[in-house]
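J.: My structure is stored as start_23.csv, with CSV, C-alpha atoms and all ligand atoms.
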```csv
chain,number,residue,atom,x,y,z
A,220,MET,CA,-164.0,84.5,197.1
A,221,VAL,CA,-164.5,88.1,198.1
A,222,LEU,CA,-166.1,90.2,195.3
A,223,SER,CA,-165.6,93.9,195.3
A,224,PRO,CA,-168.9,95.7,195.5
A,225,SER,CA,-168.5,97.0,191.9
A,226,ALA,CA,-167.7,93.6,190.3
A,227,PRO,CA,-170.8,92.0,188.9
A,228,ALA,CA,-171.0,88.3,189.8
A,229,ALA,CA,-171.7,87.3,186.1
A,230,ILE,CA,-168.2,88.3,185.0
A,231,ALA,CA,-166.4,87.2,188.1
A,232,PRO,CA,-166.7,83.4,188.2
A,233,SER,CA,-165.5,81.6,191.3
A,234,HIS,CA,-161.8,80.7,191.4
A,235,THR,CA,-162.2,77.2,190.0
A,236,GLU,CA,-165.5,77.3,188.2
A,237,ASN,CA,-164.2,77.8,184.6
A,238,ARG,CA,-160.8,76.1,185.0
A,239,VAL,CA,-160.0,73.6,182.3
A,240,THR,CA,-156.3,73.0,182.7
A,241,PRO,CA,-154.2,72.4,185.9
A,242,THR,CA,-152.4,75.6,187.0
A,243,LYS,CA,-149.3,73.8,188.2
A,244,VAL,CA,-147.4,70.7,187.3
A,245,GLN,CA,-147.8,68.0,189.9
A,246,TRP,CA,-144.7,66.2,191.1
A,247,ARG,CA,-144.9,62.8,189.4
A,248,GLY,CA,-143.1,60.7,191.9
A,249,LEU,CA,-139.4,60.1,192.2
A,250,ILE,CA,-139.0,57.5,189.4
A,251,GLU,CA,-140.4,59.8,186.8
A,252,GLU,CA,-138.6,62.9,188.2
A,253,TYR,CA,-135.2,61.1,188.3
A,254,ARG,CA,-135.8,58.5,185.6
A,255,SER,CA,-132.4,58.9,183.9
A,256,PHE,CA,-130.6,58.0,187.2
A,257,LEU,CA,-132.7,54.9,187.9
A,258,PRO,CA,-132.7,51.4,186.5
A,259,VAL,CA,-136.2,51.5,184.8
A,260,SER,CA,-137.2,51.1,181.2
A,261,ASP,CA,-140.4,51.7,179.2
A,262,ALA,CA,-141.4,48.1,180.1
A,263,THR,CA,-141.3,48.9,183.9
A,264,PRO,CA,-144.8,49.5,185.3
A,265,ILE,CA,-144.3,52.4,187.7
A,266,VAL,CA,-145.9,51.8,191.1
A,267,THR,CA,-146.0,55.2,192.7
A,268,LEU,CA,-147.8,57.2,195.4
A,269,ARG,CA,-146.0,60.3,194.3
A,270,GLU,CA,-143.3,59.9,196.9
A,271,GLY,CA,-140.3,62.2,197.3
A,272,ASN,CA,-140.2,65.9,197.0
A,273,THR,CA,-140.2,66.3,200.7
A,274,PRO,CA,-139.4,69.7,202.3
A,275,LEU,CA,-136.0,70.8,203.4
A,276,ILE,CA,-136.9,72.9,206.4
A,277,PRO,CA,-134.6,75.5,208.0
A,278,THR,CA,-134.3,75.0,211.8
A,279,PRO,CA,-133.2,78.3,213.3
A,280,SER,CA,-133.3,77.1,216.9
A,281,LEU,CA,-130.9,74.4,216.1
A,282,ALA,CA,-128.6,76.8,214.2
A,283,GLN,CA,-128.7,79.1,217.1
A,284,GLN,CA,-127.5,76.4,219.5
A,285,ILE,CA,-124.5,75.9,217.3
A,286,GLY,CA,-123.8,79.6,216.3
A,287,ARG,CA,-120.8,80.6,214.3
A,288,GLY,CA,-122.9,81.2,211.1
A,289,VAL,CA,-123.8,77.5,210.8
A,290,LYS,CA,-127.0,76.9,208.8
A,291,VAL,CA,-129.1,73.8,209.7
A,292,TYR,CA,-131.9,72.2,207.8
A,293,VAL,CA,-133.9,69.1,208.3
A,294,LYS,CA,-134.9,66.9,205.4
A,295,TYR,CA,-138.4,65.9,206.5
A,296,ASP,CA,-138.8,62.5,204.9
A,297,GLY,CA,-141.5,61.6,207.3
A,298,LEU,CA,-143.8,63.5,204.8
A,299,ASN,CA,-143.6,60.6,202.3
A,300,PRO,CA,-146.9,58.8,201.5
A,301,THR,CA,-146.5,56.2,204.3
A,302,GLY,CA,-144.7,58.5,206.6
A,303,SER,CA,-141.1,57.4,206.1
A,304,PHE,CA,-138.1,57.5,203.7
A,305,LYS,CA,-138.7,53.8,202.9
A,306,ASP,CA,-141.2,54.9,200.2
A,307,ARG,CA,-138.3,56.1,198.1
A,308,GLY,CA,-136.9,52.7,197.9
A,309,MET,CA,-140.1,50.8,197.8
A,310,THR,CA,-141.6,52.6,194.7
A,311,LEU,CA,-138.6,51.2,192.7
A,312,ALA,CA,-138.4,47.8,194.4
A,313,ILE,CA,-142.1,47.1,193.9
A,314,SER,CA,-142.1,48.5,190.4
A,315,LYS,CA,-139.3,46.1,189.5
A,316,ALA,CA,-141.1,43.2,191.3
A,317,LYS,CA,-144.2,43.9,189.2
A,318,GLU,CA,-142.1,44.1,186.1
A,319,ALA,CA,-140.6,40.7,186.9
A,320,GLY,CA,-144.1,39.2,187.5
A,321,ASP,CA,-143.5,38.5,191.2
A,322,LYS,CA,-146.6,37.5,193.1
A,323,ALA,CA,-145.4,38.0,196.7
A,324,VAL,CA,-142.8,40.1,198.6
A,325,ILE,CA,-141.4,39.7,202.0
A,326,CYS,CA,-139.5,41.9,204.4
A,327,ALA,CA,-138.2,42.0,208.0
A,328,SER,CA,-138.9,45.2,209.7
A,329,THR,CA,-138.8,47.4,212.8
A,330,GLY,CA,-142.0,48.9,211.3
A,331,ASN,CA,-141.4,51.4,208.6
A,332,THR,CA,-140.3,49.0,205.9
A,333,SER,CA,-143.3,46.9,206.6
A,334,ALA,CA,-145.7,49.8,206.3
A,335,SER,CA,-144.1,50.9,203.0
A,336,ALA,CA,-143.8,47.4,201.5
A,337,SER,CA,-147.4,46.7,202.3
A,338,ALA,CA,-148.7,49.9,200.7
A,339,TYR,CA,-146.8,49.6,197.5
A,340,ALA,CA,-147.2,45.9,197.1
A,341,ARG,CA,-151.0,46.0,197.6
A,342,ARG,CA,-151.2,48.9,195.2
A,343,ALA,CA,-149.4,46.7,192.7
A,344,GLY,CA,-151.7,43.8,193.4
A,345,ILE,CA,-148.9,41.8,195.0
A,346,ASN,CA,-149.1,40.0,198.4
A,347,ALA,CA,-147.0,41.3,201.2
A,348,TYR,CA,-145.6,39.3,204.1
A,349,VAL,CA,-143.9,41.2,206.9
A,350,ILE,CA,-141.9,39.7,209.7
A,351,VAL,CA,-141.6,41.9,212.8
A,352,PRO,CA,-140.1,41.6,216.3
A,353,ASP,CA,-143.1,41.0,218.6
A,354,GLY,CA,-143.6,43.9,221.0
A,355,TYR,CA,-141.1,46.2,219.4
A,356,VAL,CA,-142.9,47.9,216.6
A,357,ALA,CA,-144.5,51.3,217.1
A,358,LEU,CA,-148.3,51.3,217.0
A,359,GLY,CA,-148.8,53.5,213.9
A,360,LYS,CA,-146.6,51.3,211.8
A,361,LEU,CA,-148.4,48.1,212.8
A,362,ALA,CA,-151.7,49.8,212.1
A,363,GLN,CA,-150.5,50.7,208.6
A,364,ALA,CA,-149.4,47.2,207.7
A,365,LEU,CA,-152.7,45.7,208.9
A,366,LEU,CA,-154.9,48.2,207.1
A,367,TYR,CA,-152.9,48.0,203.8
A,368,GLY,CA,-153.6,44.3,203.9
A,369,ALA,CA,-150.3,42.6,204.6
A,370,GLU,CA,-149.8,39.3,206.4
A,371,VAL,CA,-148.1,40.5,209.6
A,372,ILE,CA,-146.1,37.8,211.4
A,373,ALA,CA,-144.7,38.8,214.7
A,374,ILE,CA,-141.9,36.6,215.9
A,375,ASP,CA,-140.3,36.1,219.3
A,376,GLY,CA,-136.9,37.6,218.3
A,377,ASN,CA,-135.3,40.9,217.3
A,378,PHE,CA,-135.0,42.6,213.9
A,379,ASP,CA,-131.8,40.6,213.1
A,380,ASP,CA,-133.6,37.4,213.7
A,381,CYS,CA,-136.4,38.5,211.4
A,382,LEU,CA,-133.9,39.4,208.7
A,383,LYS,CA,-132.2,36.0,208.9
A,384,ILE,CA,-135.6,34.3,208.3
A,385,VAL,CA,-136.6,36.5,205.4
A,386,ARG,CA,-133.3,36.1,203.6
A,387,GLN,CA,-133.6,32.3,203.8
A,388,MET,CA,-137.3,32.5,202.9
A,389,SER,CA,-136.6,34.4,199.7
A,390,ASP,CA,-133.9,31.9,198.8
A,391,GLU,CA,-136.1,28.9,199.3
A,392,TYR,CA,-139.6,30.1,198.4
A,393,PRO,CA,-141.2,32.1,195.6
A,394,VAL,CA,-141.2,35.5,197.5
A,395,THR,CA,-139.1,38.5,196.7
A,396,LEU,CA,-137.1,40.2,199.4
A,397,VAL,CA,-137.7,44.0,199.6
A,398,ASN,CA,-135.4,44.8,202.5
A,399,SER,CA,-132.5,47.1,201.6
A,400,LEU,CA,-130.5,44.0,200.5
A,401,ASN,CA,-132.7,44.4,197.4
A,402,PRO,CA,-130.5,46.7,195.3
A,403,TYR,CA,-133.5,48.6,193.9
A,404,ARG,CA,-134.3,49.9,197.4
A,405,LEU,CA,-131.0,51.8,197.7
A,406,GLN,CA,-131.3,53.0,194.1
A,407,GLY,CA,-134.6,54.7,195.0
A,408,GLN,CA,-133.4,56.0,198.3
A,409,LYS,CA,-130.4,57.8,196.8
A,410,THR,CA,-132.9,60.4,195.4
A,411,GLY,CA,-133.1,61.9,198.9
A,412,ALA,CA,-129.5,63.2,198.2
A,413,PHE,CA,-130.6,64.5,194.7
A,414,GLU,CA,-133.4,66.5,196.3
A,415,ILE,CA,-131.2,68.1,198.9
A,416,VAL,CA,-128.7,69.3,196.2
A,417,ASP,CA,-131.6,70.5,194.0
A,418,ASP,CA,-132.9,72.6,196.9
A,419,LEU,CA,-129.6,74.0,198.2
A,420,GLY,CA,-127.9,74.3,194.8
A,421,GLU,CA,-124.9,72.5,196.2
A,422,ALA,CA,-124.2,69.5,198.5
A,423,PRO,CA,-124.2,70.4,202.3
A,424,ASP,CA,-121.0,70.3,204.3
A,425,TRP,CA,-122.4,67.7,206.7
A,426,LEU,CA,-125.2,65.1,206.2
A,427,CYS,CA,-126.4,63.8,209.6
A,428,ILE,CA,-128.3,60.6,209.4
A,429,PRO,CA,-129.6,57.9,211.8
A,430,VAL,CA,-128.2,54.4,211.2
A,431,GLY,CA,-130.0,51.1,211.8
A,432,ASN,CA,-129.6,48.5,209.1
A,433,ALA,CA,-127.2,51.0,207.4
A,434,GLY,CA,-129.0,51.1,204.0
A,435,ASN,CA,-130.0,54.7,204.0
A,436,ILE,CA,-126.5,56.2,204.7
A,437,THR,CA,-125.2,53.9,201.9
A,438,ALA,CA,-127.9,55.2,199.5
A,439,TYR,CA,-127.4,58.9,200.4
A,440,TRP,CA,-123.7,58.6,199.7
A,441,MET,CA,-124.4,56.9,196.4
A,442,GLY,CA,-126.8,59.8,195.5
A,443,PHE,CA,-124.3,62.5,196.4
A,444,CYS,CA,-121.5,60.9,194.5
A,445,GLU,CA,-123.6,60.3,191.3
A,446,TYR,CA,-124.9,63.8,191.4
A,447,GLN,CA,-121.5,65.3,191.7
A,448,GLN,CA,-120.2,63.1,188.9
A,449,GLN,CA,-123.0,64.4,186.7
A,450,GLY,CA,-122.0,68.0,187.6
A,451,TYR,CA,-124.9,68.9,189.7
A,452,SER,CA,-122.7,69.7,192.7
A,453,ASN,CA,-119.1,70.7,193.2
A,454,ARG,CA,-118.5,69.0,196.5
A,455,LEU,CA,-119.5,66.0,198.6
A,456,PRO,CA,-120.7,66.1,202.2
A,457,HIS,CA,-119.1,64.5,205.2
A,458,MET,CA,-121.4,61.6,206.1
A,459,MET,CA,-122.1,61.7,209.8
A,460,GLY,CA,-123.9,58.5,211.0
A,461,PHE,CA,-125.5,58.2,214.4
A,462,GLN,CA,-126.5,55.0,216.1
A,463,ALA,CA,-128.4,54.6,219.4
A,464,ALA,CA,-125.9,53.8,222.1
A,465,GLY,CA,-127.6,50.6,223.0
A,466,ALA,CA,-127.7,49.4,219.4
A,467,ALA,CA,-124.3,50.6,218.1
A,468,PRO,CA,-122.6,47.7,216.4
A,469,ILE,CA,-120.7,49.7,213.8
A,470,ILE,CA,-119.2,51.9,216.5
A,471,GLN,CA,-118.4,49.0,218.8
A,472,GLY,CA,-116.9,47.0,215.8
A,473,SER,CA,-118.9,43.9,216.5
A,474,PRO,CA,-122.6,42.8,216.4
A,475,VAL,CA,-124.8,43.5,219.3
A,476,LYS,CA,-126.7,40.5,220.5
A,477,SER,CA,-129.5,42.2,222.3
A,478,PRO,CA,-129.8,45.8,221.0
A,479,GLU,CA,-131.9,48.1,223.1
A,480,THR,CA,-133.1,51.6,222.5
A,481,VAL,CA,-136.2,53.8,222.8
A,482,ALA,CA,-135.7,54.4,219.1
A,483,THR,CA,-137.2,51.0,218.1
A,484,ALA,CA,-136.8,51.8,214.3
A,485,ILE,CA,-133.0,51.6,214.7
A,486,ARG,CA,-132.9,48.7,217.2
A,487,VAL,CA,-130.6,46.7,215.0
A,488,GLY,CA,-127.6,44.7,216.2
A,489,ASN,CA,-126.1,43.4,212.9
A,490,PRO,CA,-126.7,45.8,210.0
A,491,ALA,CA,-126.9,44.3,206.6
A,492,SER,CA,-125.1,47.2,204.9
A,493,TRP,CA,-122.4,47.4,207.5
A,494,GLU,CA,-119.3,47.4,205.1
A,495,LYS,CA,-121.0,49.8,202.7
A,496,ALA,CA,-121.8,52.2,205.5
A,497,ILE,CA,-118.1,52.2,206.7
A,498,ALA,CA,-117.0,52.7,203.1
A,499,ALA,CA,-119.2,55.8,202.8
A,500,GLN,CA,-118.0,57.2,206.1
A,501,GLU,CA,-114.3,56.7,205.2
A,502,ALA,CA,-114.6,58.0,201.6
A,503,SER,CA,-116.5,61.1,202.9
A,504,GLN,CA,-114.2,61.6,205.8
A,505,GLY,CA,-117.2,61.4,208.0
A,506,GLN,CA,-117.8,59.8,211.4
A,507,PHE,CA,-120.0,57.4,213.3
A,508,ASN,CA,-121.0,58.4,216.8
A,509,PRO,CA,-123.4,57.0,219.4
A,510,VAL,CA,-126.3,58.9,220.9
A,511,THR,CA,-127.9,57.9,224.2
A,512,ASP,CA,-131.7,57.5,224.6
A,513,ASP,CA,-131.8,60.6,226.7
A,514,GLU,CA,-130.0,62.6,224.0
A,515,ILE,CA,-132.4,61.2,221.4
A,516,LEU,CA,-135.4,62.2,223.4
A,517,GLU,CA,-134.1,65.6,224.2
A,518,ALA,CA,-133.7,66.3,220.4
A,519,TYR,CA,-137.1,64.7,219.7
A,520,ARG,CA,-138.8,67.2,222.1
A,521,LEU,CA,-136.7,70.1,220.9
A,522,LEU,CA,-137.6,69.6,217.2
A,523,ALA,CA,-141.3,69.5,218.1
A,524,SER,CA,-141.4,72.2,220.7
A,525,HIS,CA,-139.0,74.7,219.1
A,526,GLU,CA,-139.2,74.0,215.4
A,527,GLY,CA,-142.7,72.6,215.0
A,528,VAL,CA,-141.4,69.4,213.4
A,529,PHE,CA,-142.7,66.1,214.7
A,530,CYS,CA,-140.5,63.1,213.9
A,531,GLU,CA,-140.2,59.7,215.4
A,532,PRO,CA,-137.5,59.0,218.0
A,533,ALA,CA,-135.1,57.2,215.6
A,534,SER,CA,-135.1,60.2,213.3
A,535,ALA,CA,-134.2,62.6,216.1
A,536,ALA,CA,-131.0,60.6,216.5
A,537,SER,CA,-129.6,62.7,213.6
A,538,VAL,CA,-130.3,65.9,215.4
A,539,ALA,CA,-129.1,64.5,218.8
A,540,GLY,CA,-125.9,63.6,217.1
A,541,LEU,CA,-125.4,67.0,215.5
A,542,LEU,CA,-125.8,68.6,218.9
A,543,LYS,CA,-123.4,66.2,220.5
A,544,VAL,CA,-120.6,66.9,218.1
A,545,LYS,CA,-121.6,70.5,217.3
A,546,ASP,CA,-118.2,71.9,218.3
A,547,GLN,CA,-116.7,70.1,215.3
A,548,VAL,CA,-119.0,71.8,212.7
A,549,PRO,CA,-116.9,74.3,210.7
A,550,ASP,CA,-117.8,78.0,210.9
A,551,ASN,CA,-120.5,79.0,208.3
A,552,ALA,CA,-121.1,75.3,207.3
A,553,THR,CA,-124.4,74.0,205.9
A,554,VAL,CA,-125.7,71.0,207.8
A,555,VAL,CA,-128.7,68.8,206.8
A,556,CYS,CA,-130.2,66.3,209.3
A,557,VAL,CA,-132.4,63.6,207.7
A,558,LEU,CA,-135.6,63.1,209.6
A,559,THR,CA,-136.5,59.6,208.4
A,560,GLY,CA,-140.0,59.1,209.9
A,561,HIS,CA,-143.1,61.0,211.0
A,562,GLY,CA,-143.8,61.5,214.6
A,563,LEU,CA,-147.3,60.1,214.3
A,564,LYS,CA,-145.7,56.7,213.7
A,565,ASP,CA,-145.1,56.3,217.4
A,566,PRO,CA,-147.8,58.1,219.4
A,567,ASP,CA,-147.0,56.1,222.6
A,568,ALA,CA,-143.4,57.5,222.6
A,569,ALA,CA,-144.7,61.1,222.2
A,570,ILE,CA,-147.2,60.8,225.1
A,571,LYS,CA,-144.7,59.0,227.3
A,572,HIS,CA,-141.7,61.2,226.7
A,573,SER,CA,-143.4,64.6,226.4
A,574,HIS,CA,-142.6,66.9,229.3
A,575,ASN,CA,-146.0,68.4,228.8
A,576,ALA,CA,-149.2,67.2,230.5
A,577,ILE,CA,-152.9,67.4,229.8
A,578,HIS,CA,-154.8,69.5,232.3
A,579,THR,CA,-157.5,67.1,233.4
A,580,GLY,CA,-160.4,67.3,235.8
A,581,VAL,CA,-161.3,70.8,234.6
A,582,GLY,CA,-165.0,71.7,234.8
A,583,SER,CA,-167.0,72.8,231.8
A,584,ASP,CA,-166.9,76.4,232.9
A,585,LEU,CA,-165.3,79.5,231.4
A,586,ALA,CA,-164.0,80.8,234.7
A,587,GLU,CA,-162.4,77.4,235.6
A,588,VAL,CA,-160.8,77.1,232.1
A,589,ALA,CA,-159.5,80.7,232.4
A,590,LYS,CA,-158.0,79.9,235.8
A,591,VAL,CA,-156.1,76.9,234.4
A,592,MET,CA,-154.9,79.2,231.6
A,593,GLY,CA,-153.4,81.5,234.2
A,594,PHE,CA,-155.8,84.5,233.7
A,601,LIG,N1,-135.0,55.9,210.8
A,601,LIG,C1,-136.2,55.3,210.7
A,601,LIG,C2,-137.4,56.0,211.1
A,601,LIG,C3,-136.2,53.9,210.3
A,601,LIG,O1,-137.3,53.2,210.2
A,601,LIG,C4,-134.9,53.3,210.0
A,601,LIG,C5,-134.9,51.9,209.6
A,601,LIG,C6,-133.8,54.1,210.1
A,601,LIG,C7,-133.8,55.4,210.5
A,601,LIG,C8,-132.4,53.5,209.7
A,601,LIG,O2,-132.3,53.3,208.4
A,601,LIG,O3,-131.8,50.9,208.4
A,601,LIG,O4,-131.3,52.3,206.4
A,601,LIG,O5,-130.0,52.5,208.5
A,601,LIG,N2,-135.9,51.1,209.7
A,601,LIG,C9,-135.9,49.7,209.2
A,601,LIG,C10,-137.3,49.2,209.1
A,601,LIG,C11,-134.9,48.8,209.9
A,601,LIG,O6,-137.5,47.9,209.2
A,601,LIG,O7,-138.2,49.9,209.0
A,601,LIG,P1,-131.3,52.2,207.9
```
In C-alpha cells, what does this structure look like?

T.:
Amino acid sequence: MVLSPSAPAAIAPSHTENRVTPTKVQWRGLIEEYRSFLPVSDATPIVTLREGNTPLIPTPSLAQQIGRGVKVYVKYDGLNPTGSFKDRGMTLAISKAKEAGDKAVICASTGNTSASASAYARRAGINAYVIVPDGYVALGKLAQALLYGAEVIAIDGNFDDCLKIVRQMSDEYPVTLVNSLNPYRLQGQKTGAFEIVDDLGEAPDWLCIPVGNAGNITAYWMGFCEYQQQGYSNRLPHMMGFQAAGAAPIIQGSPVKSPETVATAIRVGNPASWEKAIAAQEASQGQFNPVTDDEILEAYRLLASHEGVFCEPASAASVAGLLKVKDQVPDNATVVCVLTGHGLKDPDAAIKHSHNAIHTGVGSDLAEVAKVMGF
C-alpha cells in the first residue's frame, strides 16, 4: 500500500488489516447457483470445487478472420477446477452418488472424465476406478487421476472398448457409472449454456463445440432449450458440432472401428449419445462437420499465439470448425466456441506441435543473449 506523505500510518491501516466481512460474494459452484434447474434437494450433500463461472472471452483475431461484423467468443471451460468441462457434470453426478450412499464410481475415459471423477469422488470419500486406453491419454490427465488417488486401469483397447467394460461392470458389480450415460452428468453440463446466455444477455447465433462421446453437445442443447423456455433468452443457437476427421462416426453415419486423431480427448468411434446429438443438430438446424488434424493444430496454435488462450487440441476442434465453415456465418452474428479443456492437460502436444523453438546452447553472457534476441 502506498501512503501519501501526509497520511499518518495510525489512521491508514493496510488494505486487509481491519476487514471483518468479505467484500464480494464468492461464486458458490454451479449446483447452488442454478439449484432450481437441477435435480437436487435439501437431502443432497453438495460435493463442489466451486466449478463453473468460466470466462467468455472475446477473440478479436478470430472475428477479424471472418469479418462482416461477426463477433466471436470462446467459453474457456478449461478453467474449471480440474481443467475441463467435465467438472460441471461431475459435481452433480458425485453429489447424487454420495446422496445414494454409493461407495465406488467407475468411468471409461480419454482422460478428462477420469481426472474429474477422481477429484470429486475422492473429495466425497468415494473410491474411483478409471479405465483408460493404454498409451492414448495425455500426460496431465493421467497425472491428475494418479494424484487424486484413483485406481487407474489402462487397457489394451480404445475408448469404446473401455466404455463397454464399464457399462457391464456397473450392471454386475456395486460401482456407479459416472460417464455421461449417467443422466446427472448432462444435467450438470447444461449449465455451460446458462452461463453463456447470462453473459451475453441472449443465446448466441452459433454454438461451435467439439464432439467425442456426444454428451456435451446434448447437454448444451438441453441448457439452451430450458433457459429459453424459462424466458431467459428469446432464441436458440444453431448447434455446430465438429468431429476429428479420423474419428467422425456421426458424420460417416457408422461407427469407426479404429478412430485416430491427434486430439486424443475426442478419439471416440461409437459415441454413447449419438442419437441425442443428432436430435440436437436437427432441432437447432445445425450441422456436423469434420476437421482434420492439421486444421485442429492450426487453430490450436492460433488461439495460443494470437488470443493468449491455451486449450488442448480437442478443444481447438471447435475453432478449427468455425474457420472451416466461416463463409456460412451470417453477417453480424454472435458465435461462441466451447474450449472444453486446458492446454496444460497435454504438454507433449504443445511442445511437439508448436512452430516455436527454444534457443539452446546460448552462453551465460549478456552479449550472447542480446545477439540471439536480434540486438
Ligand atoms: N473436449 C474434451 C477436452 C474432452 O475431453 C471431450 C471428451 C470432448 C471435448 C468431447 O465431449 O464426449 O461430451 O462429446 N472427453 C471424454 C473423456 C470422452 O473421457 O474425458 P463429449

J.: Write out as CSV a residue-level contact list of chain A versus ligand LIG 601 (chain A) with cut-off 9 Å: for each qualifying residue the closest pair of atoms and the distance in Å to one decimal, counting all atoms listed in the file, rows sorted by chain and residue number upward.

T.:
```
residue,atom,partner,partner_atom,distance
A:Gly297,CA,A:LIG601,C2,7.9
A:Gly302,CA,A:LIG601,C2,8.9
A:Ser303,CA,A:LIG601,C2,6.4
A:Phe304,CA,A:LIG601,C1,7.6
A:Lys305,CA,A:LIG601,O7,7.3
A:Cys326,CA,A:LIG601,O6,7.9
A:Ala327,CA,A:LIG601,O6,6.1
A:Ser328,CA,A:LIG601,O6,3.1
A:Thr329,CA,A:LIG601,O6,3.9
A:Gly330,CA,A:LIG601,O7,4.6
A:Asn331,CA,A:LIG601,O7,3.6
A:Thr332,CA,A:LIG601,O7,3.9
A:Ser333,CA,A:LIG601,O7,6.4
A:Ala334,CA,A:LIG601,O7,8.0
A:Ser335,CA,A:LIG601,O7,8.5
A:Val351,CA,A:LIG601,O6,8.1
A:Lys360,CA,A:LIG601,O7,9.0
A:Phe378,CA,A:LIG601,C11,7.4
A:Asn398,CA,A:LIG601,O6,7.7
A:Ser399,CA,A:LIG601,O4,7.2
A:Leu405,CA,A:LIG601,O4,8.7
A:Ile428,CA,A:LIG601,C7,7.6
A:Pro429,CA,A:LIG601,C7,5.1
A:Val430,CA,A:LIG601,O5,3.8
A:Gly431,CA,A:LIG601,O5,3.6
A:Asn432,CA,A:LIG601,O3,3.3
A:Ala433,CA,A:LIG601,O5,3.4
A:Gly434,CA,A:LIG601,O4,3.5
A:Asn435,CA,A:LIG601,O4,3.6
A:Ile436,CA,A:LIG601,O5,6.4
A:Thr437,CA,A:LIG601,O4,7.7
A:Ala438,CA,A:LIG601,O4,8.2
A:Gly460,CA,A:LIG601,O5,8.9
A:Gln462,CA,A:LIG601,O5,8.7
A:Ala482,CA,A:LIG601,C2,8.3
A:Thr483,CA,A:LIG601,O1,8.2
A:Ala484,CA,A:LIG601,O1,4.4
A:Ile485,CA,A:LIG601,C6,5.3
A:Arg486,CA,A:LIG601,C11,7.6
A:Val487,CA,A:LIG601,C11,7.0
A:Pro490,CA,A:LIG601,O3,7.4
A:Ala491,CA,A:LIG601,O3,8.4
A:Ser492,CA,A:LIG601,O5,8.1
A:Ala496,CA,A:LIG601,O5,8.7
A:Cys530,CA,A:LIG601,C2,8.2
A:Glu531,CA,A:LIG601,C2,6.3
A:Pro532,CA,A:LIG601,C2,7.5
A:Ala533,CA,A:LIG601,N1,5.0
A:Ser534,CA,A:LIG601,N1,5.0
A:Ala535,CA,A:LIG601,N1,8.6
A:Ala536,CA,A:LIG601,N1,8.4
A:Ser537,CA,A:LIG601,C7,9.0
A:Val557,CA,A:LIG601,N1,8.7
A:Leu558,CA,A:LIG601,N1,7.3
A:Thr559,CA,A:LIG601,C2,4.6
A:Gly560,CA,A:LIG601,C2,4.2
A:His561,CA,A:LIG601,C2,7.6
A:Lys564,CA,A:LIG601,C2,8.7
```

J.: Record the distance separating CA of His525 (chain A) and CA of Ser280 (chain A), expressed in Å with one decimal.

T.: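 It comes out at 6.6 Å.
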
J.: Can you measure CA of Lys317 (chain A) to CA of Asn346 (chain A) for me? One decimal in Å is fine.

T.: 11.1 Å

J.: Report, in Å with one decimal, the straight-line distance from CA of Gln504 (chain A) to CA of Ala518 (chain A).

T.: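 A separation of 24.8 Å between them.
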
J.: Select, from A:Ile384, A:Val289, A:Ile570, A:Leu396, the residue with the minimum atom-to-atom distance to Ala336 (chain A), counting only C-alpha atoms.

T.: A:Leu396

J.: Of the candidates A:Asp306, A:Asp424, A:Asp390, A:Glu318, which one gets nearest to Thr553 (chain A) if we count all atoms listed in the file?

T.: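 Using all atoms listed in the file, Thr553 (chain A) sits closest to A:Asp424.
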
J.: Pick from A:Pro393, A:Glu445, A:Gln408, A:Asn453: nearest to Gly420 (chain A), with only C-alpha atoms counted?

T.: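 Nearest candidate to Gly420 (chain A) out of A:Pro393, A:Glu445, A:Gln408, A:Asn453: A:Asn453.
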